[in-house]
Amino acid sequence: MKRTANHRNHVTDDQAAHGGFGFGLLQGDSQMKSITWLLLTVLAFSATLAAEELPDAPSRMTSSSNHFVIRAAVPVVSPQAKEVKVVDKKFLSLVAISTGSTFADSYTTLFARQNWLAGKTGVCNMEVQSAYLYGTHPTVARAYAVASVKSVTAAVAAYYLRKHGHSKLWSLPLIANTATSLQGVGQNMAVCN
């Protein structure tokens, strides 16, 4: 059927008011009955759906000869964290290497003082690279005090990192101290000896 300008859909005010909800075809009491039955159906389904809730935790089910279901909770055992021994052979060997290289650096730094006291020229006769630590003409006590502080600081930092679970970073302070100390030993041997 073709629509013409004279042919329009005729919608009453009541149909326009309730047409959005699909009740536009129902009038009066039949509309109220439909809404009531819809609400009762929703309430009935919601009551039956809420009747059985899921258990809080997984459980083991056993049945007896009477076909009664007995639910027993299974105790949950959390896995214990494996305690890592903080001070072991690896830790002690890295501390020994780090401490040895630091004291070797301090010992070779003293070459500058010996050259200065002997009045040698043309070789290093004063500390230049780490003068803020050792001083320009380091004394034996100051050189070994610096070595002790550097070694203890690196060992304590490594111990702290290892104890608090930094499994890959704990050796970094010891390795850095070893590397800088060995560089100092190499430079002192090349220039001051």
# chains A, B, ... in the order shown; residues from 1 in each chain; ligands from 1
$ residues_around --residues "Thr108 of chain A" --least-positions-apart "3" --cutoff "7 Å" --atoms "only C-alpha atoms" --output "PDB file with all heavy atoms, in the first residue's frame"
ATOM      1  N   ALA A 104      94.345  -3.618  48.375  1.00  0.00           N
ATOM      2  CA  ALA A 104      95.424  -3.516  47.381  1.00  0.00           C
ATOM      3  C   ALA A 104      95.462  -2.117  46.779  1.00  0.00           C
ATOM      4  O   ALA A 104      96.547  -1.553  46.548  1.00  0.00           O
ATOM      5  CB  ALA A 104      95.237  -4.561  46.289  1.00  0.00           C
ATOM      6  N   ASP A 105      94.287  -1.539  46.546  1.00  0.00           N
ATOM      7  CA  ASP A 105      94.224  -0.161  46.035  1.00  0.00           C
ATOM      8  C   ASP A 105      94.827   0.808  47.045  1.00  0.00           C
ATOM      9  O   ASP A 105      95.617   1.703  46.679  1.00  0.00           O
ATOM     10  CB  ASP A 105      92.780   0.216  45.721  1.00  0.00           C
ATOM     11  CG  ASP A 105      92.628   1.614  45.128  1.00  0.00           C
ATOM     12  OD1 ASP A 105      93.598   2.118  44.520  1.00  0.00           O
ATOM     13  OD2 ASP A 105      91.537   2.191  45.272  1.00  0.00           O
ATOM     14  N   PHE A 111     102.118   4.274  47.356  1.00  0.00           N
ATOM     15  CA  PHE A 111     103.321   4.476  46.542  1.00  0.00           C
ATOM     16  C   PHE A 111     103.560   5.972  46.294  1.00  0.00           C
ATOM     17  O   PHE A 111     104.706   6.422  46.238  1.00  0.00           O
ATOM     18  CB  PHE A 111     103.208   3.758  45.198  1.00  0.00           C
ATOM     19  CG  PHE A 111     103.261   2.254  45.273  1.00  0.00           C
ATOM     20  CD1 PHE A 111     102.959   1.484  44.166  1.00  0.00           C
ATOM     21  CD2 PHE A 111     103.617   1.589  46.442  1.00  0.00           C
ATOM     22  CE1 PHE A 111     103.003   0.104  44.211  1.00  0.00           C
ATOM     23  CE2 PHE A 111     103.673   0.202  46.502  1.00  0.00           C
ATOM     24  CZ  PHE A 111     103.365  -0.539  45.379  1.00  0.00           C
ATOM     25  N   VAL A 185      94.248   0.022  41.406  1.00  0.00           N
ATOM     26  CA  VAL A 185      95.483  -0.752  41.526  1.00  0.00           C
ATOM     27  C   VAL A 185      96.252  -0.700  40.213  1.00  0.00           C
ATOM     28  O   VAL A 185      97.476  -0.459  40.188  1.00  0.00           O
ATOM     29  CB  VAL A 185      95.187  -2.219  41.925  1.00  0.00           C
ATOM     30  CG1 VAL A 185      96.432  -3.083  41.786  1.00  0.00           C
ATOM     31  CG2 VAL A 185      94.651  -2.291  43.332  1.00  0.00           C
ATOM     32  N   ASN A 188      97.750   2.824  39.708  1.00  0.00           N
ATOM     33  CA  ASN A 188      98.855   3.073  40.640  1.00  0.00           C
ATOM     34  C   ASN A 188     100.106   2.281  40.240  1.00  0.00           C
ATOM     35  O   ASN A 188     101.225   2.791  40.333  1.00  0.00           O
ATOM     36  CB  ASN A 188      98.466   2.732  42.070  1.00  0.00           C
ATOM     37  CG  ASN A 188      97.441   3.709  42.629  1.00  0.00           C
ATOM     38  OD1 ASN A 188      97.319   4.826  42.160  1.00  0.00           O
ATOM     39  ND2 ASN A 188      96.682   3.236  43.606  1.00  0.00           N
ATOM     40  N   MET A 189      99.913   1.039  39.808  1.00  0.00           N
ATOM     41  CA  MET A 189     101.066   0.228  39.404  1.00  0.00           C
ATOM     42  C   MET A 189     101.702   0.792  38.137  1.00  0.00           C
ATOM     43  O   MET A 189     102.929   0.771  37.987  1.00  0.00           O
ATOM     44  CB  MET A 189     100.634  -1.228  39.167  1.00  0.00           C
ATOM     45  CG  MET A 189     100.201  -1.951  40.416  1.00  0.00           C
ATOM     46  SD  MET A 189     101.493  -2.168  41.611  1.00  0.00           S
ATOM     47  CE  MET A 189     102.460  -3.415  40.847  1.00  0.00           C
TER      48      MET A 189
END
$ select_by_dssp --residues "segment 118-178 of chain A" --states "alpha helix (DSSP H)" --output "MDAnalysis selection string"
chainID A and resid 118 131:134 140:163 172:178
$ atom_distance --atom1 "atom CA of Asn125 of chain A" --atom2 "atom CA of Ala176 of chain A"
27.0 Å
$ closest_residue --among "A:Leu110, A:Leu39, A:Val74, A:Asn177" --to "Val152 of chain A" --atoms "only C-alpha atoms"
A:Asn177
$ closest_residue --among "A:Ala158, A:Ala147, A:Ala73, A:Leu172" --to "Leu92 of chain A" --atoms "only C-alpha atoms"
A:Ala158
$ residues_around --residues "segment 116-123 of chain A" --least-positions-apart "5" --cutoff "10 Å" --atoms "only C-alpha atoms" --output "PyMOL selection string"
chain A and resi 110-111+137+190-193
$ residues_around --residues "Tyr107 of chain A" --least-positions-apart "3" --cutoff "12 Å" --atoms "only C-alpha atoms" --output "mmCIF file with N, CA and C atoms, in the first residue's frame"
data_model
loop_
_atom_site.group_PDB
_atom_site.id
_atom_site.type_symbol
_atom_site.label_atom_id
_atom_site.label_comp_id
_atom_site.auth_asym_id
_atom_site.auth_seq_id
_atom_site.Cartn_x
_atom_site.Cartn_y
_atom_site.Cartn_z
ATOM 1 N N GLY A 100 89.936 -7.584 49.460
ATOM 2 C CA GLY A 100 91.321 -7.717 49.016
ATOM 3 C C GLY A 100 91.690 -6.677 47.969
ATOM 4 N N SER A 101 90.802 -6.465 47.000
ATOM 5 C CA SER A 101 91.097 -5.474 45.963
ATOM 6 C C SER A 101 91.099 -4.059 46.540
ATOM 7 N N THR A 102 90.243 -3.791 47.517
ATOM 8 C CA THR A 102 90.203 -2.458 48.130
ATOM 9 C C THR A 102 91.478 -2.190 48.929
ATOM 10 N N PHE A 103 91.934 -3.149 49.686
ATOM 11 C CA PHE A 103 93.177 -2.958 50.439
ATOM 12 C C PHE A 103 94.393 -2.897 49.503
ATOM 13 N N ALA A 104 94.345 -3.618 48.375
ATOM 14 C CA ALA A 104 95.424 -3.516 47.381
ATOM 15 C C ALA A 104 95.462 -2.117 46.779
ATOM 16 N N LEU A 110 99.626 4.238 48.479
ATOM 17 C CA LEU A 110 100.724 4.680 49.345
ATOM 18 C C LEU A 110 102.052 4.830 48.586
ATOM 19 N N PHE A 111 102.118 4.274 47.356
ATOM 20 C CA PHE A 111 103.321 4.476 46.542
ATOM 21 C C PHE A 111 103.560 5.972 46.294
ATOM 22 N N ALA A 112 102.467 6.731 46.145
ATOM 23 C CA ALA A 112 102.607 8.173 45.906
ATOM 24 C C ALA A 112 103.267 8.843 47.112
ATOM 25 N N ARG A 113 102.875 8.449 48.293
ATOM 26 C CA ARG A 113 103.488 9.025 49.500
ATOM 27 C C ARG A 113 104.967 8.643 49.589
ATOM 28 N N GLN A 114 105.293 7.389 49.295
ATOM 29 C CA GLN A 114 106.693 6.962 49.347
ATOM 30 C C GLN A 114 107.550 7.728 48.336
ATOM 31 N N TYR A 134 91.701 10.153 50.107
ATOM 32 C CA TYR A 134 92.994 9.859 50.720
ATOM 33 C C TYR A 134 93.779 11.106 51.141
ATOM 34 N N PRO A 138 98.690 10.728 51.212
ATOM 35 C CA PRO A 138 97.963 9.900 52.188
ATOM 36 C C PRO A 138 98.888 9.240 53.213
ATOM 37 N N THR A 139 98.400 9.222 54.430
ATOM 38 C CA THR A 139 99.108 8.491 55.488
ATOM 39 C C THR A 139 98.656 7.044 55.465
ATOM 40 N N VAL A 140 99.396 6.176 56.114
ATOM 41 C CA VAL A 140 99.063 4.756 56.149
ATOM 42 C C VAL A 140 97.722 4.544 56.858
ATOM 43 N N ALA A 141 97.525 5.227 57.968
ATOM 44 C CA ALA A 141 96.280 5.072 58.728
ATOM 45 C C ALA A 141 95.073 5.510 57.901
ATOM 46 N N ARG A 142 95.200 6.639 57.216
ATOM 47 C CA ARG A 142 94.076 7.139 56.420
ATOM 48 C C ARG A 142 93.806 6.216 55.235
ATOM 49 N N ALA A 143 94.838 5.720 54.584
ATOM 50 C CA ALA A 143 94.653 4.830 53.437
ATOM 51 C C ALA A 143 93.918 3.555 53.847
ATOM 52 N N TYR A 144 94.310 2.961 54.964
ATOM 53 C CA TYR A 144 93.653 1.730 55.393
ATOM 54 C C TYR A 144 92.287 1.992 56.042
ATOM 55 N N ALA A 145 92.094 3.168 56.611
ATOM 56 C CA ALA A 145 90.760 3.531 57.117
ATOM 57 C C ALA A 145 89.780 3.672 55.953
ATOM 58 N N VAL A 146 90.231 4.289 54.865
ATOM 59 C CA VAL A 146 89.381 4.409 53.674
ATOM 60 C C VAL A 146 89.058 3.031 53.116
ATOM 61 N N ALA A 147 90.045 2.161 53.057
ATOM 62 C CA ALA A 147 89.815 0.796 52.558
ATOM 63 C C ALA A 147 88.819 0.046 53.444
ATOM 64 N N SER A 181 88.265 -0.607 42.625
ATOM 65 C CA SER A 181 89.528 -0.820 43.342
ATOM 66 C C SER A 181 90.590 -1.401 42.424
ATOM 67 N N LEU A 182 90.223 -2.374 41.599
ATOM 68 C CA LEU A 182 91.190 -2.958 40.672
ATOM 69 C C LEU A 182 91.641 -1.952 39.616
ATOM 70 N N GLY A 184 91.977 1.222 40.250
ATOM 71 C CA GLY A 184 92.942 2.033 40.993
ATOM 72 C C GLY A 184 94.286 1.321 41.152
ATOM 73 N N VAL A 185 94.248 0.022 41.406
ATOM 74 C CA VAL A 185 95.483 -0.752 41.526
ATOM 75 C C VAL A 185 96.252 -0.700 40.213
ATOM 76 N N GLY A 186 95.557 -0.906 39.115
ATOM 77 C CA GLY A 186 96.201 -0.889 37.804
ATOM 78 C C GLY A 186 96.834 0.453 37.491
ATOM 79 N N ASN A 188 97.750 2.824 39.708
ATOM 80 C CA ASN A 188 98.855 3.073 40.640
ATOM 81 C C ASN A 188 100.106 2.281 40.240
ATOM 82 N N MET A 189 99.913 1.039 39.808
ATOM 83 C CA MET A 189 101.066 0.228 39.404
ATOM 84 C C MET A 189 101.702 0.792 38.137
ATOM 85 N N CYS A 192 102.784 4.990 39.363
ATOM 86 C CA CYS A 192 103.532 5.310 40.578
ATOM 87 C C CYS A 192 104.645 4.334 40.914
ATOM 88 N N ASN A 193 104.756 3.203 40.258
ATOM 89 C CA ASN A 193 105.732 2.199 40.667
ATOM 90 C C ASN A 193 107.047 2.384 39.961
#
